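> Supplied in structure tokens, the structure appears directly below.
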Amino acid sequence: MKKALVILLTMALVTATLFAAGEQEYPSRDIRTIVVWGAGGGTDTCNRVIMGEMANVLGVPITVDNVTGGSAGSVGMAAGYKEAADGYTLVGASESNTTTAVMVEDWDNTVDVWDWFIVGGSPDVVSVTPDLPYQNIAELVDAAKANPGSIKAGASGNGSIHHINLLAFEKGSGADFEFIPYDGSAPSQNAAMTGEVQLVVTSVAEQAELIRAGRLRPLAVLVPDSFFIAGQTIPSAFDSIPSLAEVLPIQQAIGFAIRADAPAGVKDVLGEAFEEAMATDVLKDFGEERFYVLSGAWGDEANAIMAGLESSMSWALWEQGIAVDDPASLGIPRP
Amino acid sequence: MMEKTKLRQADLITSVFLMLFGLWVLSEGFQMPMQDTYGGVKNVWYVSPALFPLIVGFGVVILGAVLLVGSVRAGAAASLAAALRAYRPGLSESNLRFLGILLAIGSFVYFYIPRVDFVLTIALFLSYFIPAFYYDTQRDLRRLSAVYGAVFLSFLVLYWTGVAAFLNSAFEFSTDVIALSAVVGVNIYARRLAGTDPDRLRRFRVGFAVAIATPLLLAPVFRFLLYVRLPHEGGIVQLMQVIRYSLR
Amino acid sequence: MGALHSLGLFFGHVADFATEPVTLLVLFGATIMGILFGATPGLTATLGVALLTTLTYNMSHSMALVALLAIYVGGIYGGSYASILINIPGTAAAAATALDGYPIAVRGEGGRALGLTTTASAIGTMVGMLFVVSLSPLISELALQFTSFEFFLLAFFGIIISGTLTSPDLVYKGWIAGFLGLFLATVGREGLQFYPRFTFGNSNLEGGLEVVPVLIGAFGIPQIIQVLRDKFRPKEAQKLDRIMPEFGTIARNVKHIIRSALIGVGIGAVPGIGEDIAGWVSYGAAKNSSDHPEEFGKGSYTAIVSTETANNACIGGAMIPLLNLGVPGSPPAAMLLGALMLHGIAPGPMLRIDNPGFIEEVTAILLLASVAMWISGMLLAKQVVKVLRIPPAIFMPVIAVLCVIGSYALGTKVFNLYLMVPVGIVAYFLTEMGYPIAPLVIGVILGPMADQNLRRALMVSGGSFLPVITRPVSLILFLVIILTVLSQVPAYKRLVKALRARLFPKKAA
């Protein structure tokens, strides 16, 4: 009995010392990033790259888990928000997660509960099946106008950014397509290759290999600047249809977030590591090879970008009748 | 599987449940949008989200009816009535074992996992679950279940009254300390139940070793080798963490 | 680039990898880790690849690829351990193996079953690999024939198979279980219009039910309850003299192995669906074409050889669209796509031009991984069978803990555990009342695919079913479905028998 008591006391003492020693400066142990979208997707890949580099800078392992489900990634966002605001839990998210507030009944936190770090994004591109006659975006729009609803357009459904871009494109150009929703970008691109749909809207990053191989014919990017890929220039849709500028661009923004109420010191350590990681060749090569436009914004700048996306995407979803909560009631300004 | 007459009796009861369930699925299905546009998609019957639930609902109702007819033809109604009349309240050994399993798994999943340190949770669960069945007598099962049930009840009270939250705000690991004492307590009781019989003592020792070794092996492997966050990382897991990162 | 050049590259890679001690260490380490992952209920190959992706971030791309493919191959194979020994599928891919694997283990022949599935899995992986290296451009073009109609018919075919998994009691109890599974599949926001069905405002339900907790609930919990409640114990395994490969049994089942491997490659190549479906489809096909269909479900060696060949052949199949189109053919392959991009390799039609020799590298690794899997499997199987000697009252509680960690680890959601337990209790009562559980799981896996694709297909065709018979692949699938349904009808069976007797009078006699 005496022996047990001694052992117990020693253990308690060791524990106390260890806990006291454990109060070191951030980060003193592994960091976890909860990616709210599935493995292998754009948000997942971007986060794995940036976290891989940041881990090298910070000197602690950073693990990346996928916690998917809910609408607009709400399950993962909620899981990340539930954890302590100590900087040991980050959330890997994208522009589509700015709609969680309007999409989910029991979640009313707008994007300002987070502090954002934006790695970058890839512009959306409108492409068609290569054996179709349309050579440029104007021809496509004319054909769609001449015969409303005759052209089938594929994109991932569920209020994804591609769906919202497609809607904005229809609104801005006056063309009317029949929308066929898919489970994600890859299936929608597949459908455009098989000819099940005639046109598809996804990001350049997702389509790059198919464009390069001539499996899809890119007509225009939905951003103001044209995009250069594999020896060809994809013109901006704004050039031939100036009215698009009123509703677009709604641009992808992939990155990660930390709870806004985390200590400022922690955010600064992360911010510095983020900047250092963004400046590495690995990130630059990644952006170039995978056709991402790198951003590197964090702090107020990034928060403003996400708030803007929240406004345009939330209102678009509300107008479509997909959103469950009125953005006005949540204090989200109209775009 | 049960024997034939009992099966038909069970079919009679499940068929009613199935048909009610099918009707409920149908009623929910009919409330889903079938026209107009929803989510930017034009709706026609074949696009409606109601299509599949309605197929499933009809299927379940029809199969439920077939089941009902089959069981009635086999004379289930009469035999069920007879069985009900012959029913005597009381716990058979098989049902007792069933309840013991439910108590173990239910308390483990719904209560301990989200609230108590993962290592202690598993240790507590196994400290009850293994000896309760390994000792292999009805008496031991009853007694261990009573003790484990009492521990579980006091935990419930602790959390429902808010005492747990209060204690944890004073000292972060209060509930972990309580859980640790529960693990010790249940094991002391299991040891006393084993008595002096060498075979029972051996069973206690093996069970105890497995109950303690399992979480001490699993938690570090998942937490530090595969970097999987554990459901609730209380005192013990945090202690492991401190040790792990002071070894860096 | 000639085939000879390709072959030269391939053997060059094999020789390079096989002579590098570090590579061999990583190869065997990852394979064994994969097997352990697969063997633990709930830990899937997908999760294994996902976790290793983080751990291999700082490795060279070749080394990372060795680790990832090895854990993929090991994970798909390892699922059979738990299926055979404890009737709880280690992964969804091995669920079909449990139907016959466990009855074999109960007979006391668990070691023999493991030996056979090890060889079958290795053969399956190698056949898949052969297809990657030889026919992959052709197959990836075929994969592009799959539009919504074909996806629907494929899912429908899988669901029809439920009808062939007969209940120990009444035939239509299989259908009831299937419909209950389909109901569970409708829970959540559906994929077309995003309308919430049966979610009760709970955001955890909006994404739909995940397969792993349902699978573990449906198979694991009933097994735990049964064994502990009824003090059930499989027969002590016989002395394990027969764990060696048994080429005789393999040779006898060669026709089933070839068919299953082809099914596995085919299903793997179809984008988005993977090993789990391959296992079921090949089980159904093997049963339909077997001379002794009545043995299926009671411990047929043909059944386990078929399912295990198919799910491992699926790996190669899934690599084909991944490497040639950049479209992952299965869930673990989707994870692999992300991992490759991390290492600066973009799979897709341009891969052959950007990274010449990469496909040969992948096939070389697949070959080595299957060899490593076979060796480790043969060594491990002997040890693993010993778990059956552990008293159930110790073993089952530990299994319960593993089931819980497994259901939790993928997605780290406690909600999945809350879901697992009620599914398990309902499944236990259904099992007691003579309902087969497999159709329920098939319903959950295939329900969303059937639902979405049927509606999308009709949307594209404007409500017409005509494409079913005008599209070539659709038509083939449709005819296969009709034949499968007919083969269940006694009158048709008699007709075929009579016809056979007429046409080949000698053989019938």
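Ligands are numbered from 1 in the order shown, chains are lettered A, B, ... in the order of the structure tokens, and residues start at 1 in each chain.
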For C:Tyr102, find every residue with an atom within 8 Å (counting only C-alpha atoms), except residues of its own chain fewer than 3 positions away, and show them as a PyMOL selection string.

chain C and resi 83-87+98-99+105-106+110+299

> Can you tell me which residues surround B:Leu126 at a distance of at most 9 Å, considering only C-alpha atoms, apart from same-chain residues fewer than 5 positions away, and format the answer as a PyMOL selection string?

(chain B and resi 104+121+131+207-208+210-212+214) or (chain C and resi 394+397-398+401)

> Would you save the residues from that selection as a PDB file, in the first residue's frame, using C-alpha atoms?


```pdb
ATOM      1  CA  ALA B 104     -22.408  -1.041 -21.500  1.00  0.00           C
ATOM      2  CA  THR B 121     -13.827   6.118 -20.980  1.00  0.00           C
ATOM      3  CA  PRO B 131     -15.733  -9.196 -16.101  1.00  0.00           C
ATOM      4  CA  GLY B 207      -9.790  -8.736 -17.738  1.00  0.00           C
ATOM      5  CA  PHE B 208      -8.132  -5.992 -15.732  1.00  0.00           C
ATOM      6  CA  VAL B 210      -6.978  -5.910 -21.103  1.00  0.00           C
ATOM      7  CA  ALA B 211      -9.182  -3.104 -19.781  1.00  0.00           C
ATOM      8  CA  ILE B 212      -6.175  -0.961 -18.901  1.00  0.00           C
ATOM      9  CA  THR B 214      -6.368  -1.426 -24.553  1.00  0.00           C
TER      10      THR B 214
ATOM     11  CA  ILE C 394     -12.673 -10.561 -23.680  1.00  0.00           C
ATOM     12  CA  PRO C 397     -15.710  -5.882 -25.744  1.00  0.00           C
ATOM     13  CA  VAL C 398     -12.376  -4.965 -27.333  1.00  0.00           C
ATOM     14  CA  VAL C 401     -14.072  -0.397 -28.716  1.00  0.00           C
TER      15      VAL C 401
END
```

> Please list as a VMD selection string every residue within 9 Å of stretch 208-210 of chain A, counting only C-alpha atoms and excluding residues in the same chain fewer than 6 positions away.

(chain A and resid 189 193 216 to 217 229 to 230 290 to 291) or (chain C and resid 325 to 326 346 to 351)

> Those residues you just picked out, can you put them in a file as an mmCIF file, in the first residue's frame with C-alpha atoms?


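Result written to part-v9.cif:
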```cif
data_model
loop_
_atom_site.group_PDB
_atom_site.id
_atom_site.type_symbol
_atom_site.label_atom_id
_atom_site.label_comp_id
_atom_site.auth_asym_id
_atom_site.auth_seq_id
_atom_site.Cartn_x
_atom_site.Cartn_y
_atom_site.Cartn_z
ATOM 1 C CA GLN A 189 -16.999 17.721 -66.372
ATOM 2 C CA MET A 193 -17.110 15.088 -72.062
ATOM 3 C CA LEU A 216 -13.240 20.267 -73.447
ATOM 4 C CA ARG A 217 -13.232 23.512 -75.412
ATOM 5 C CA ILE A 229 -3.145 28.137 -70.186
ATOM 6 C CA ALA A 230 -0.987 25.678 -72.124
ATOM 7 C CA ARG A 290 -2.438 23.781 -60.928
ATOM 8 C CA PHE A 291 -3.653 27.116 -62.346
ATOM 9 C CA LEU C 325 -8.745 11.188 -67.347
ATOM 10 C CA GLY C 326 -7.904 12.622 -63.940
ATOM 11 C CA ALA C 346 -1.474 16.072 -62.347
ATOM 12 C CA PRO C 347 -3.170 12.875 -63.475
ATOM 13 C CA GLY C 348 -5.175 13.267 -66.640
ATOM 14 C CA PRO C 349 -4.986 12.886 -70.390
ATOM 15 C CA MET C 350 -1.715 14.842 -70.484
ATOM 16 C CA LEU C 351 0.028 12.609 -67.939
#
```

> Report, in Å to a single decimal, how far apart atom CA of B:Leu193 and atom CA of B:Ala209 are.

16.6 Å

> Could you list, as a PyMOL selection string, every residue within 10 Å of stretch 148-154 of chain B, counting only C-alpha atoms and ignoring same-chain residues fewer than 6 positions away?

chain B and resi 100+103-104+107-108+111-112+124-125+127-129+132+142+160+179+182-183+185-186+189

> Kindly provide the residues of chain A that approach chain C to within 7 Å, each paired with its closest atom pair and their distance in Å to one decimal, based on only C-alpha atoms, listed by chain and increasing number, as JSON lines.


```
{"residue": "A:Ala39", "atom": "CA", "partner": "C:Met335", "partner_atom": "CA", "distance": 5.2}
{"residue": "A:Gly40", "atom": "CA", "partner": "C:Gly338", "partner_atom": "CA", "distance": 3.8}
{"residue": "A:Gly41", "atom": "CA", "partner": "C:Gly338", "partner_atom": "CA", "distance": 6.7}
{"residue": "A:Thr45", "atom": "CA", "partner": "C:Gly338", "partner_atom": "CA", "distance": 5.6}
{"residue": "A:Val49", "atom": "CA", "partner": "C:Leu342", "partner_atom": "CA", "distance": 6.2}
{"residue": "A:Gly52", "atom": "CA", "partner": "C:Tyr57", "partner_atom": "CA", "distance": 6.6}
{"residue": "A:Thr63", "atom": "CA", "partner": "C:Thr54", "partner_atom": "CA", "distance": 6.5}
{"residue": "A:Val64", "atom": "CA", "partner": "C:Thr54", "partner_atom": "CA", "distance": 6.9}
{"residue": "A:Asn66", "atom": "CA", "partner": "C:Gly411", "partner_atom": "CA", "distance": 5.9}
{"residue": "A:Val67", "atom": "CA", "partner": "C:Gly411", "partner_atom": "CA", "distance": 4.6}
{"residue": "A:Thr68", "atom": "CA", "partner": "C:Gly411", "partner_atom": "CA", "distance": 6.8}
{"residue": "A:Gly69", "atom": "CA", "partner": "C:Gly207", "partner_atom": "CA", "distance": 4.3}
{"residue": "A:Gly70", "atom": "CA", "partner": "C:Gly207", "partner_atom": "CA", "distance": 4.3}
{"residue": "A:Ser71", "atom": "CA", "partner": "C:Glu206", "partner_atom": "CA", "distance": 6.3}
{"residue": "A:Val75", "atom": "CA", "partner": "C:Asn204", "partner_atom": "CA", "distance": 6.4}
{"residue": "A:Val104", "atom": "CA", "partner": "C:Ser203", "partner_atom": "CA", "distance": 7.0}
{"residue": "A:Gly157", "atom": "CA", "partner": "C:Leu192", "partner_atom": "CA", "distance": 6.6}
{"residue": "A:Asn158", "atom": "CA", "partner": "C:Phe194", "partner_atom": "CA", "distance": 5.6}
{"residue": "A:Pro181", "atom": "CA", "partner": "C:Leu192", "partner_atom": "CA", "distance": 5.6}
{"residue": "A:Tyr182", "atom": "CA", "partner": "C:Leu192", "partner_atom": "CA", "distance": 6.9}
{"residue": "A:Asp183", "atom": "CA", "partner": "C:Gly191", "partner_atom": "CA", "distance": 6.2}
{"residue": "A:Ala186", "atom": "CA", "partner": "C:Val327", "partner_atom": "CA", "distance": 6.7}
{"residue": "A:Ala191", "atom": "CA", "partner": "C:Thr147", "partner_atom": "CA", "distance": 6.6}
{"residue": "A:Thr194", "atom": "CA", "partner": "C:Leu144", "partner_atom": "CA", "distance": 5.7}
{"residue": "A:Glu196", "atom": "CA", "partner": "C:Thr147", "partner_atom": "CA", "distance": 6.5}
{"residue": "A:Glu209", "atom": "CA", "partner": "C:Gly348", "partner_atom": "CA", "distance": 5.6}
{"residue": "A:Leu210", "atom": "CA", "partner": "C:Pro349", "partner_atom": "CA", "distance": 6.7}
{"residue": "A:Ala213", "atom": "CA", "partner": "C:Pro349", "partner_atom": "CA", "distance": 5.8}
{"residue": "A:Phe286", "atom": "CA", "partner": "C:Gly344", "partner_atom": "CA", "distance": 6.9}
```

> Would you put the residues from that selection into a file with N, CA and C atoms, as an mmCIF file, in the first residue's frame?


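Written out: out35.cif:
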```cif
data_model
loop_
_atom_site.group_PDB
_atom_site.id
_atom_site.type_symbol
_atom_site.label_atom_id
_atom_site.label_comp_id
_atom_site.auth_asym_id
_atom_site.auth_seq_id
_atom_site.Cartn_x
_atom_site.Cartn_y
_atom_site.Cartn_z
ATOM 1 N N ALA A 39 -11.893 14.721 -49.405
ATOM 2 C CA ALA A 39 -10.505 14.475 -49.757
ATOM 3 C C ALA A 39 -10.318 14.549 -51.263
ATOM 4 N N GLY A 40 -9.203 15.134 -51.700
ATOM 5 C CA GLY A 40 -8.876 15.153 -53.120
ATOM 6 C C GLY A 40 -9.422 16.354 -53.868
ATOM 7 N N GLY A 41 -10.307 17.127 -53.240
ATOM 8 C CA GLY A 41 -10.870 18.303 -53.895
ATOM 9 C C GLY A 41 -9.929 19.491 -53.801
ATOM 10 N N THR A 45 -6.733 19.899 -51.316
ATOM 11 C CA THR A 45 -5.378 19.926 -51.856
ATOM 12 C C THR A 45 -4.647 21.200 -51.439
ATOM 13 N N VAL A 49 -1.212 21.393 -49.073
ATOM 14 C CA VAL A 49 0.047 22.005 -49.492
ATOM 15 C C VAL A 49 0.463 23.098 -48.511
ATOM 16 N N GLY A 52 1.409 21.708 -45.180
ATOM 17 C CA GLY A 52 2.690 21.010 -45.253
ATOM 18 C C GLY A 52 3.838 22.000 -45.118
ATOM 19 N N THR A 63 -1.937 18.398 -38.881
ATOM 20 C CA THR A 63 -2.688 17.328 -39.513
ATOM 21 C C THR A 63 -3.882 17.913 -40.230
ATOM 22 N N VAL A 64 -4.247 17.268 -41.311
ATOM 23 C CA VAL A 64 -5.400 17.720 -42.082
ATOM 24 C C VAL A 64 -6.443 16.611 -42.079
ATOM 25 N N ASN A 66 -10.602 15.574 -42.939
ATOM 26 C CA ASN A 66 -11.791 16.027 -43.651
ATOM 27 C C ASN A 66 -13.011 15.737 -42.790
ATOM 28 N N VAL A 67 -13.726 16.797 -42.411
ATOM 29 C CA VAL A 67 -15.007 16.623 -41.712
ATOM 30 C C VAL A 67 -16.071 17.200 -42.632
ATOM 31 N N THR A 68 -16.736 16.311 -43.364
ATOM 32 C CA THR A 68 -17.670 16.785 -44.378
ATOM 33 C C THR A 68 -19.098 16.640 -43.892
ATOM 34 N N GLY A 69 -20.039 17.109 -44.685
ATOM 35 C CA GLY A 69 -21.445 16.900 -44.382
ATOM 36 C C GLY A 69 -22.164 18.182 -44.048
ATOM 37 N N GLY A 70 -23.477 18.049 -43.935
ATOM 38 C CA GLY A 70 -24.308 19.218 -43.701
ATOM 39 C C GLY A 70 -24.476 19.992 -44.988
ATOM 40 N N SER A 71 -25.049 21.199 -44.921
ATOM 41 C CA SER A 71 -25.063 21.985 -46.141
ATOM 42 C C SER A 71 -24.012 23.071 -46.026
ATOM 43 N N VAL A 75 -21.214 21.027 -41.075
ATOM 44 C CA VAL A 75 -20.791 20.127 -40.006
ATOM 45 C C VAL A 75 -19.327 20.385 -39.634
ATOM 46 N N VAL A 104 -28.116 27.007 -43.192
ATOM 47 C CA VAL A 104 -28.358 26.085 -42.081
ATOM 48 C C VAL A 104 -29.185 26.768 -41.008
ATOM 49 N N GLY A 157 -24.263 21.168 -58.124
ATOM 50 C CA GLY A 157 -25.453 21.858 -57.615
ATOM 51 C C GLY A 157 -25.226 22.362 -56.209
ATOM 52 N N ASN A 158 -26.253 22.311 -55.421
ATOM 53 C CA ASN A 158 -26.137 22.618 -53.991
ATOM 54 C C ASN A 158 -25.623 24.018 -53.702
ATOM 55 N N PRO A 181 -27.930 19.591 -62.433
ATOM 56 C CA PRO A 181 -26.998 19.587 -61.298
ATOM 57 C C PRO A 181 -26.232 18.278 -61.167
ATOM 58 N N TYR A 182 -24.987 18.357 -60.739
ATOM 59 C CA TYR A 182 -24.168 17.164 -60.479
ATOM 60 C C TYR A 182 -23.627 17.209 -59.067
ATOM 61 N N ASP A 183 -23.027 16.066 -58.692
ATOM 62 C CA ASP A 183 -22.557 15.882 -57.326
ATOM 63 C C ASP A 183 -21.271 16.630 -57.013
ATOM 64 N N ALA A 186 -16.080 17.189 -60.783
ATOM 65 C CA ALA A 186 -15.596 16.098 -61.626
ATOM 66 C C ALA A 186 -16.734 15.418 -62.397
ATOM 67 N N ALA A 191 -19.704 14.634 -67.533
ATOM 68 C CA ALA A 191 -20.944 14.681 -68.307
ATOM 69 C C ALA A 191 -20.751 15.540 -69.549
ATOM 70 N N THR A 194 -18.886 13.414 -72.044
ATOM 71 C CA THR A 194 -19.711 12.380 -72.684
ATOM 72 C C THR A 194 -20.781 13.006 -73.555
ATOM 73 N N GLU A 196 -23.464 14.429 -72.328
ATOM 74 C CA GLU A 196 -24.756 14.426 -71.643
ATOM 75 C C GLU A 196 -25.247 15.862 -71.449
ATOM 76 N N GLU A 209 -6.413 19.856 -67.115
ATOM 77 C CA GLU A 209 -5.888 18.723 -67.883
ATOM 78 C C GLU A 209 -6.789 18.395 -69.071
ATOM 79 N N LEU A 210 -8.090 18.566 -68.879
ATOM 80 C CA LEU A 210 -9.034 18.236 -69.955
ATOM 81 C C LEU A 210 -8.949 19.270 -71.068
ATOM 82 N N ALA A 213 -5.805 18.628 -73.063
ATOM 83 C CA ALA A 213 -5.892 17.454 -73.915
ATOM 84 C C ALA A 213 -6.952 17.613 -74.995
ATOM 85 N N PHE A 286 3.079 25.180 -57.157
ATOM 86 C CA PHE A 286 1.735 24.619 -57.047
ATOM 87 C C PHE A 286 0.741 25.521 -57.768
#
```

> DSSP on the backbone: which residues in stretch 16-197 of chain A end up as helix (DSSP H, G or I)? Give the answer as a ChimeraX atom specification.

/A:16-22,42-58,74-82,95-103,111-113,137-146,161-173,185-194

> Just how far from atom CA of A:Ile50 is atom CA of A:Ser314, in Å to one decimal?

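Separating atom CA of A:Ser314 from atom CA of A:Ile50 is a distance of 27.6 Å.
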
> What does the distance from atom CA of C:Ile353 to atom CA of A:Asp44 come to in Å, to one decimal?

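Rounded to one decimal, the two atoms are 26.1 Å apart.
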
> Fewer than 3 positions away in the same chain doesn't count, so skip those; otherwise give me all residues within 8 Å of stretch 79-90 of chain B, counting only C-alpha atoms, as a PyMOL selection string.

chain B and resi 5+9+75-76

> I'd like the neighbourhood of stretch 483-485 of chain C as a count of residues only, where a residue qualifies if any of its atoms comes within 12 Å (using only C-alpha atoms), though same-chain residues fewer than 5 positions away should be ignored.

24

> Set the distance at 9 Å and use only C-alpha atoms: which residues neighbour A:Cys46 once local chain neighbours fewer than 6 positions away are removed? I'd like the list as a list in words.

Gly92, Val119, Gly120, Ile254, Gly255 and Phe286 of chain A; Leu342 of chain C

> For C:Leu402, which residue among B:Tyr245, B:Arg191, B:Ile122, B:Val157 is the nearest when counting only C-alpha atoms?

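Among the listed residues, B:Ile122 lies closest to C:Leu402.
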
> Can you work out which one of B:Gly70, B:Glu28, B:Pro114, B:Ala213 has the shortest atom-to-atom distance to B:Phe52, counting only C-alpha atoms?

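Comparing B:Gly70, B:Glu28, B:Pro114, B:Ala213 against B:Phe52, the winner is B:Glu28.
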
> Taking only C-alpha atoms into account, name the residue in B:Arg200, B:Phe118, B:Tyr134, B:Ala77 that is nearest to chain C.

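Residue with the minimum atom-to-atom distance to chain C: B:Tyr134.
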
> When distances are computed from only C-alpha atoms, which of C:Cys403, C:Ala501, C:Ala393, C:Leu368 shows the smallest separation from chain B?

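Residue with the minimum atom-to-atom distance to chain B: C:Ala393.
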
> Run DSSP on the backbone of this structure and report the residues of stretch 28-81 of chain A it assigns to strand (DSSP E or B), as a PyMOL selection string.

chain A and resi 31-35+62-66
